[in-house]
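Next up, upload_14.txt (compact mmCIF, C-alpha atoms):
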```txt
# COMPACT_ATOMS: atom_id res chain seq x y z
CA VAL A 166 27.36 17.14 -78.67
CA GLN A 167 28.01 20.31 -76.70
CA ALA A 168 31.78 20.19 -77.21
CA ALA A 169 31.45 19.50 -80.93
CA THR A 170 28.84 22.24 -81.29
CA GLY A 171 31.18 24.73 -79.64
CA LEU A 172 34.02 23.74 -81.96
CA VAL A 173 31.89 24.11 -85.08
CA ARG A 174 30.60 27.50 -83.92
CA GLY A 175 34.20 28.55 -83.32
CA LEU A 176 34.79 27.82 -86.99
CA GLN A 177 32.12 30.50 -87.70
CA ASP A 178 29.58 27.87 -88.80
CA ALA A 179 26.29 28.49 -87.00
CA LYS A 180 24.14 26.75 -89.63
CA LEU A 181 25.28 23.16 -89.03
CA PRO A 182 24.61 23.18 -85.25
CA LEU A 183 21.14 24.57 -85.99
CA ILE A 184 20.41 21.81 -88.51
CA VAL A 185 21.70 19.12 -86.16
CA ALA A 186 19.78 20.48 -83.15
CA VAL A 187 16.50 20.81 -85.05
CA GLY A 188 16.98 17.42 -86.69
CA GLY A 189 17.66 15.76 -83.34
CA ALA A 190 14.63 17.40 -81.75
CA LEU A 191 12.31 16.43 -84.61
CA ALA A 192 13.57 12.84 -84.59
CA ASN A 193 13.09 12.68 -80.83
CA ILE A 194 9.34 13.34 -81.05
CA PRO A 195 8.20 10.23 -82.96
CA LEU A 196 10.93 8.11 -81.36
CA ASN A 197 9.70 9.03 -77.88
CA ALA A 198 6.10 8.44 -78.92
CA ILE A 199 6.96 4.93 -80.13
CA LEU A 200 9.05 4.02 -77.08
CA ILE A 201 6.78 5.59 -74.44
CA PHE A 202 3.37 4.68 -75.82
CA GLY A 203 3.95 2.09 -78.54
CA LEU A 204 6.32 -0.11 -76.53
CA ASP A 205 4.86 1.03 -73.19
CA LEU A 206 8.29 1.84 -71.72
CA GLY A 207 7.10 4.96 -69.89
CA ILE A 208 9.72 7.43 -68.73
CA ALA A 209 12.49 4.92 -69.51
CA GLY A 210 11.38 5.11 -73.16
CA SER A 211 11.81 8.88 -73.04
CA ALA A 212 15.37 8.45 -71.76
CA ILE A 213 16.22 5.83 -74.38
CA GLY A 214 14.85 7.97 -77.22
CA THR A 215 16.79 11.02 -76.07
CA ILE A 216 20.02 9.02 -75.80
CA ILE A 217 19.61 7.62 -79.33
CA CYS A 218 19.05 11.11 -80.74
CA GLN A 219 22.01 12.54 -78.82
CA TRP A 220 24.32 9.87 -80.21
CA GLY A 221 23.01 10.53 -83.71
CA MET A 222 23.71 14.25 -83.34
CA ALA A 223 27.21 13.50 -82.01
CA VAL A 224 28.04 11.24 -84.97
CA VAL A 225 27.00 13.91 -87.48
CA LEU A 226 28.99 16.68 -85.79
CA LEU A 227 32.08 14.53 -85.26
CA GLY A 228 31.98 13.41 -88.88
CA VAL A 229 32.12 17.03 -90.03
CA ILE A 230 34.92 17.85 -87.58
CA VAL A 231 37.03 14.87 -88.66
CA ARG A 232 36.64 15.80 -92.33
CA ARG A 233 37.59 19.42 -91.63
CA ALA A 234 40.61 18.35 -89.56
CA ARG A 235 41.89 16.15 -92.37
CA GLN A 236 41.47 18.97 -94.88
CA GLU A 237 43.61 21.22 -92.67
CA ASN A 238 46.11 18.43 -91.85
CA ILE A 239 45.33 18.72 -88.14
CA PRO A 240 46.20 15.60 -86.11
CA LEU A 241 43.27 13.98 -84.35
CA LEU A 242 45.25 12.23 -81.61
CA PRO A 243 45.25 14.04 -78.22
CA GLN A 244 48.31 16.15 -77.41
CA LEU A 245 49.26 16.81 -73.79
CA SER A 246 49.99 20.51 -74.29
CA ASN A 247 46.61 21.06 -75.94
CA LEU A 248 44.79 19.12 -73.23
CA VAL A 249 46.44 21.25 -70.55
CA ALA A 250 45.45 24.44 -72.37
CA VAL A 251 41.85 23.28 -72.73
CA GLY A 252 41.73 22.25 -69.08
CA ARG A 253 43.00 25.65 -68.00
CA ASP A 254 39.90 27.25 -69.53
CA ALA A 255 37.53 24.36 -68.85
CA VAL A 256 37.93 24.35 -65.06
CA PRO A 257 36.78 27.98 -64.58
CA MET A 258 33.90 27.39 -67.00
CA PHE A 259 32.91 24.32 -65.00
CA VAL A 260 32.89 26.43 -61.83
CA ARG A 261 30.77 29.08 -63.58
CA THR A 262 28.28 26.47 -64.78
CA LEU A 263 28.21 24.91 -61.33
CA GLY A 264 27.19 28.30 -59.90
CA LEU A 265 24.31 28.49 -62.40
CA ARG A 266 23.16 25.01 -61.48
CA VAL A 267 23.28 25.81 -57.77
CA VAL A 268 20.75 28.58 -58.39
CA VAL A 269 18.47 26.24 -60.37
CA ILE A 270 18.66 23.49 -57.74
CA THR A 271 18.09 25.97 -54.91
CA ALA A 272 14.95 27.27 -56.61
CA THR A 273 13.64 23.73 -57.08
CA VAL A 274 14.31 22.80 -53.46
CA VAL A 275 12.43 25.88 -52.25
CA ALA A 276 9.56 25.13 -54.66
CA THR A 277 9.13 21.71 -53.06
CA ARG A 278 8.56 23.44 -49.72
CA LEU A 279 5.83 25.64 -51.17
CA GLY A 280 3.62 22.69 -52.10
CA ASP A 281 2.77 20.31 -54.91
CA VAL A 282 0.88 22.90 -56.95
CA GLN A 283 3.70 25.45 -56.76
CA LEU A 284 6.28 22.76 -57.59
CA ALA A 285 4.33 21.70 -60.68
CA ALA A 286 4.00 25.31 -61.82
CA HIS A 287 7.68 25.92 -61.08
CA GLN A 288 8.76 23.04 -63.29
CA LEU A 289 6.54 24.29 -66.12
CA THR A 290 8.02 27.76 -65.75
CA MET A 291 11.51 26.25 -65.91
CA THR A 292 10.55 24.68 -69.24
CA VAL A 293 9.41 28.04 -70.62
CA PHE A 294 12.54 29.72 -69.24
CA ALA A 295 14.76 27.13 -70.96
CA VAL A 296 13.09 27.77 -74.31
CA LEU A 297 13.42 31.54 -73.93
CA SER A 298 17.06 31.17 -72.87
CA LEU A 299 17.85 29.16 -75.99
CA ALA A 300 16.22 31.85 -78.14
CA LEU A 301 18.15 34.73 -76.55
CA ASP A 302 21.31 32.63 -76.38
CA SER A 303 21.60 32.88 -80.15
CA LEU A 304 22.97 36.41 -79.68
CA ALA A 305 25.39 35.11 -77.06
CA ILE A 306 26.66 32.53 -79.54
CA ALA A 307 27.19 35.25 -82.13
CA GLY A 308 29.06 37.32 -79.55
CA GLN A 309 31.23 34.36 -78.57
CA ALA A 310 32.21 33.52 -82.15
CA LEU A 311 32.76 37.10 -83.33
CA THR A 312 34.69 38.13 -80.22
CA GLY A 313 37.07 35.20 -80.58
CA ARG A 314 37.53 35.97 -84.26
CA TYR A 315 38.38 39.66 -83.91
CA LEU A 316 40.46 39.27 -80.76
CA GLY A 317 42.44 36.62 -82.62
CA ALA A 318 42.94 39.17 -85.41
CA SER A 319 44.12 41.80 -82.84
CA ASP A 320 41.24 44.12 -83.71
CA PRO A 321 39.93 45.52 -80.38
CA ARG A 322 38.05 48.36 -82.08
CA THR A 323 35.84 45.91 -83.96
CA VAL A 324 35.39 43.87 -80.78
CA HIS A 325 34.03 46.95 -78.99
CA ALA A 326 31.76 47.78 -81.93
CA VAL A 327 30.40 44.23 -82.12
CA THR A 328 29.88 44.17 -78.35
CA ARG A 329 27.92 47.43 -78.37
CA ARG A 330 25.77 46.27 -81.27
CA LEU A 331 25.02 42.92 -79.66
CA MET A 332 24.20 44.56 -76.32
CA THR A 333 21.60 46.70 -78.09
CA TRP A 334 20.15 43.72 -79.91
CA GLY A 335 20.14 41.72 -76.69
CA VAL A 336 17.96 44.27 -74.91
CA ILE A 337 15.70 44.71 -77.94
CA GLY A 338 15.39 40.95 -78.40
CA GLY A 339 14.58 40.54 -74.72
CA ALA A 340 11.91 43.24 -74.94
CA VAL A 341 10.29 41.53 -77.93
CA VAL A 342 10.31 38.22 -76.08
CA SER A 343 8.71 39.98 -73.08
CA VAL A 344 5.79 41.23 -75.16
CA LEU A 345 5.25 37.81 -76.73
CA LEU A 346 5.50 36.09 -73.37
CA LEU A 347 3.01 38.48 -71.78
CA ALA A 348 0.48 37.60 -74.46
CA ALA A 349 1.31 33.90 -74.19
CA SER A 350 0.88 33.93 -70.39
CA TYR A 351 -2.89 34.02 -70.94
CA VAL A 352 -2.77 30.95 -73.20
CA LEU A 353 0.15 28.74 -72.14
CA PRO A 354 -1.17 27.72 -68.69
CA GLN A 355 -4.28 26.16 -70.24
CA LEU A 356 -2.14 24.32 -72.79
CA PHE A 357 0.15 22.88 -70.13
CA THR A 358 -2.41 21.71 -67.57
CA PRO A 359 -6.17 21.57 -66.90
CA ASP A 360 -5.58 22.28 -63.18
CA PRO A 361 -6.79 25.84 -62.40
CA ALA A 362 -4.50 26.18 -59.36
CA VAL A 363 -1.40 25.24 -61.35
CA GLN A 364 -2.49 27.58 -64.14
CA GLU A 365 -2.79 30.49 -61.72
CA ASN A 366 0.64 29.85 -60.18
CA LEU A 367 2.25 29.37 -63.58
CA ARG A 368 0.87 32.68 -64.83
CA ALA A 369 2.31 34.51 -61.81
CA ALA A 370 5.78 33.06 -62.44
CA LEU A 371 5.55 33.87 -66.16
CA TRP A 372 4.86 37.52 -65.32
CA VAL A 373 8.16 37.61 -63.42
CA LEU A 374 9.84 36.21 -66.52
CA VAL A 375 8.21 38.96 -68.58
CA ILE A 376 9.99 41.74 -66.68
CA THR A 377 13.25 39.77 -66.65
CA GLN A 378 13.71 39.13 -70.37
CA PRO A 379 15.31 42.46 -71.45
CA ILE A 380 17.87 42.03 -68.66
CA ALA A 381 18.37 38.39 -69.66
CA GLY A 382 19.07 39.38 -73.27
CA TYR A 383 21.73 41.83 -72.08
CA VAL A 384 23.27 39.21 -69.76
CA PHE A 385 23.38 36.43 -72.34
CA VAL A 386 25.13 38.66 -74.87
CA LEU A 387 27.84 39.76 -72.45
CA ASP A 388 28.24 36.20 -71.20
CA GLY A 389 28.94 35.11 -74.77
CA VAL A 390 31.33 38.00 -75.41
CA LEU A 391 33.42 37.22 -72.33
CA MET A 392 33.42 33.50 -73.14
CA GLY A 393 34.69 34.30 -76.62
CA ALA A 394 37.42 36.42 -75.03
CA GLY A 395 38.51 33.55 -72.81
CA ASP A 396 37.62 35.49 -69.66
CA ALA A 397 36.55 32.30 -67.89
CA PRO A 398 38.26 33.05 -64.54
CA TYR A 399 36.23 36.24 -64.11
CA LEU A 400 33.00 34.47 -65.07
CA ALA A 401 33.75 31.70 -62.56
CA LYS A 402 34.51 34.12 -59.72
CA VAL A 403 31.52 36.35 -60.32
CA GLY A 404 29.19 33.40 -60.95
CA SER A 405 30.14 31.81 -57.65
CA LEU A 406 29.67 35.05 -55.70
CA ILE A 407 26.28 35.72 -57.28
CA ALA A 408 25.11 32.16 -56.60
CA VAL A 409 25.91 32.71 -52.92
CA ALA A 410 24.29 36.17 -52.97
CA ILE A 411 20.86 34.86 -54.01
CA LEU A 412 20.75 32.20 -51.28
CA PRO A 413 19.44 34.55 -48.53
CA GLY A 414 16.48 35.57 -50.69
CA ALA A 415 15.68 31.94 -51.51
CA ALA A 416 16.00 31.01 -47.84
CA LEU A 417 13.62 33.85 -46.92
CA VAL A 418 11.00 32.55 -49.36
CA ALA A 419 11.43 29.02 -47.97
CA TRP A 420 11.03 30.28 -44.39
CA TRP A 421 8.09 32.54 -45.18
CA ALA A 422 6.50 29.99 -47.56
CA PRO A 423 3.64 32.19 -48.79
CA GLN A 424 0.80 30.17 -50.26
CA GLY A 425 -0.60 30.47 -53.76
CA PRO A 426 0.83 32.43 -56.70
CA LEU A 427 2.54 34.95 -54.41
CA GLY A 428 4.95 32.31 -53.11
CA LEU A 429 6.03 31.20 -56.58
CA ALA A 430 6.31 34.78 -57.82
CA MET A 431 8.54 35.65 -54.87
CA LEU A 432 10.69 32.59 -55.56
CA TRP A 433 11.22 33.61 -59.19
CA LEU A 434 11.97 37.18 -58.16
CA ALA A 435 14.66 35.91 -55.79
CA CYS A 436 16.19 33.20 -57.97
CA ASN A 437 15.70 34.60 -61.47
CA PHE A 438 15.08 38.34 -61.56
CA LEU A 439 17.63 39.21 -58.86
CA PHE A 440 20.05 36.68 -60.29
CA MET A 441 19.88 38.34 -63.73
CA VAL A 442 20.21 41.84 -62.27
CA LEU A 443 23.37 40.91 -60.37
CA ARG A 444 24.85 39.25 -63.45
CA ALA A 445 24.00 42.27 -65.60
CA VAL A 446 25.81 44.60 -63.21
CA SER A 447 28.92 42.42 -62.90
CA LEU A 448 29.21 41.73 -66.64
CA GLY A 449 28.44 45.33 -67.61
CA LEU A 450 31.20 46.64 -65.36
CA ARG A 451 33.64 44.13 -66.82
CA VAL A 452 33.14 45.05 -70.49
CA ARG A 453 33.56 48.75 -69.70
CA THR A 454 37.27 47.99 -69.25
CA ASP A 455 39.83 46.33 -71.54
CA ALA A 456 41.02 43.87 -68.88
CA TRP A 457 39.07 41.02 -70.50
CA MET A 458 40.68 41.39 -73.92
CA ARG A 459 43.43 38.98 -74.90
CA LEU A 460 44.66 39.91 -78.37
CA GLY A 461 46.16 37.39 -80.75
CA ASP A 462 49.75 37.50 -81.87
```

Could you rewrite the structure in this file as structure tokens?
Amino acid sequence: VQAATGLVRGLQDAKLPLIVAVGGALANIPLNAILIFGLDLGIAGSAIGTIICQWGMAVVLLGVIVRRARQENIPLLPQLSNLVAVGRDAVPMFVRTLGLRVVVITATVVATRLGDVQLAAHQLTMTVFAVLSLALDSLAIAGQALTGRYLGASDPRTVHAVTRRLMTWGVIGGAVVSVLLLAASYVLPQLFTPDPAVQENLRAALWVLVITQPIAGYVFVLDGVLMGAGDAPYLAKVGSLIAVAILPGAALVAWWAPQGPLGLAMLWLACNFLFMVLRAVSLGLRVRTDAWMRLGD
């Protein structure tokens, strides 16, 4: 699903992935309800429902891709030269993603040391963060598609203009999300859990997310721009270094292990706020140069 979604977006079609994603999510709700509660399959039912929906989404996307390939007389059988070219970009992107996952796993490991209440609140915060990331990531997707398009057309001036515009919208979008999240932080904890202790810890972590969102919007945009430019080696190198750089802060929180909302807030400052700041600096310095631009023939 992810590979097919990326291909369709590269074809400048952002509507189809949206329809497929929303359709899969909506189908997953009643399907999970039937499997979990109706058939009493518990968490296994959740997994089965998600797998069914993922396969359905994949079939729809692949059907569109196959039809488009036939219209353009593009062979569907794998070609060694193309596989090598894809692998050359895929390996650095895998390393970059691995760095991101290291940060997420590190934060979860530290949260387990803070206590059951903090761990529960941490996982709820991760859910909110994932939703916010998907919202801000829409600008990154636009940056990725437009950058690839105009670099392929050997139009660096437009690439710079698009990048500046998206950077502005990224910060503005992040600021809007911050305001909405601040208001929601007084409502969401009660919706997630009736436990007052978890609510209090969750609210503290959400406040860290509030101050992080404008930076996150800026980071997501530049991430998308550099992906669209094929600057995967730089993203991999910087991502790995930043993942290592946040480890001391996470280790300090684990060693100190402050109780209550302070501990969780400190964890999110170390593994989210600082992480975003370091990424913003590294990506901002990169786009100030032309080293990341690879113009088409």

Interatomic distance (Å, one decimal) between CA of Leu331 in chain A and CA of Leu439 in chain A: 22.4 Å

Given 6 Å on each side, where is the centre and what are the edge lengths in Å to one decimal of the axis-aligned box enclosing the listed atoms of range 370-389 of chain A, as lines of an AutoDock Vina configuration file?
```
center_x = 16.9
center_y = 37.8
center_z = -68.7
size_x = 36.1
size_y = 21.4
size_z = 24.4
```

Who sits within 8 Å of Val166 in chain A, only C-alpha atoms, same chain under 6 positions skipped, as a ChimeraX atom specification: /A:219,222-223,226

Of the listed residues A:Ala416, A:Leu181, A:Ala456, A:Ala198, that which approaches Thr273 in chain A most closely, counting only C-alpha atoms: A:Ala416

CA of Leu448 in chain A to CA of Leu406 in chain A, straight-line distance in Å: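 Computing the Euclidean distance for CA of Leu406 in chain A and CA of Leu448 in chain A yields 12.8 Å.
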
Range 280-282 of chain A surroundings by only C-alpha atoms, 8 Å radius, close-in-sequence under 6 positions cut, as number ranges by chain: A: 362-363, 366

Selection: 7 Å around Leu367 in chain A, all atoms listed in the file, excl. self and same-chain fewer than 4 positions, as a PyMOL selection string: chain A and resi 286-287+290+354+363+371

For CA of Gly393 in chain A and CA of Ala255 in chain A, the interatomic separation in Å (one decimal):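 These two atoms are separated by 12.9 Å.
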
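Excluding range 317-329 of chain A itself and any same-chain residue fewer than 6 positions from it, the protein and nucleic acid residues within 10 Å of it, counting all atoms listed in the file, are A:Ala307, A:Gly308, A:Gln309, A:Leu311, A:Gly335, A:Val386, A:Leu387, A:Gly389, A:Val390, A:Leu391, A:Ala394, A:Val452, A:Arg453, A:Asp455, A:Met458, A:Arg459, A:Leu460, A:Gly461, A:Asp462.
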
Contact residues around Met441 in chain A with only C-alpha atoms at 9 Å, ignoring same-chain residues under 4 positions, as a PyMOL selection string: chain A and resi 377+380-381+384+436-437+445-446

Just to be explicit: take each residue in the selection above, keep C-alpha atoms, and write the result as a CSV table (one decimal), in the frame of the given file.
```
chain,number,residue,atom,x,y,z
A,377,THR,CA,13.2,39.8,-66.6
A,380,ILE,CA,17.9,42.0,-68.7
A,381,ALA,CA,18.4,38.4,-69.7
A,384,VAL,CA,23.3,39.2,-69.8
A,436,CYS,CA,16.2,33.2,-58.0
A,437,ASN,CA,15.7,34.6,-61.5
A,445,ALA,CA,24.0,42.3,-65.6
A,446,VAL,CA,25.8,44.6,-63.2
```

Exercise: residues within 12 Å of coordinate (33.2, 25.5, -84.4), counting only C-alpha atoms, as number ranges by chain: A: 166-182, 226-227, 229-230, 233-234, 306-307, 309-311, 313-314, 393

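Ranking A:Ser211, A:Gln244, A:Ser405, A:Asn193 by their shortest atom-to-atom distance to Arg444 in chain A, with only C-alpha atoms included, puts A:Ser405 first.
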
Which of A:Ser343, A:Ser303, A:Asn247, A:Gln424 sits closest to Gln378 in chain A [using only C-alpha atoms]: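 Answer, going by the shortest atom-to-atom distance: A:Ser343.
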
Neighbour residues at most 9 Å from (32.5, 38.6, -62.1) (all atoms listed in the file) as a ChimeraX atom specification: /A:398-407,444,447-448,450-451
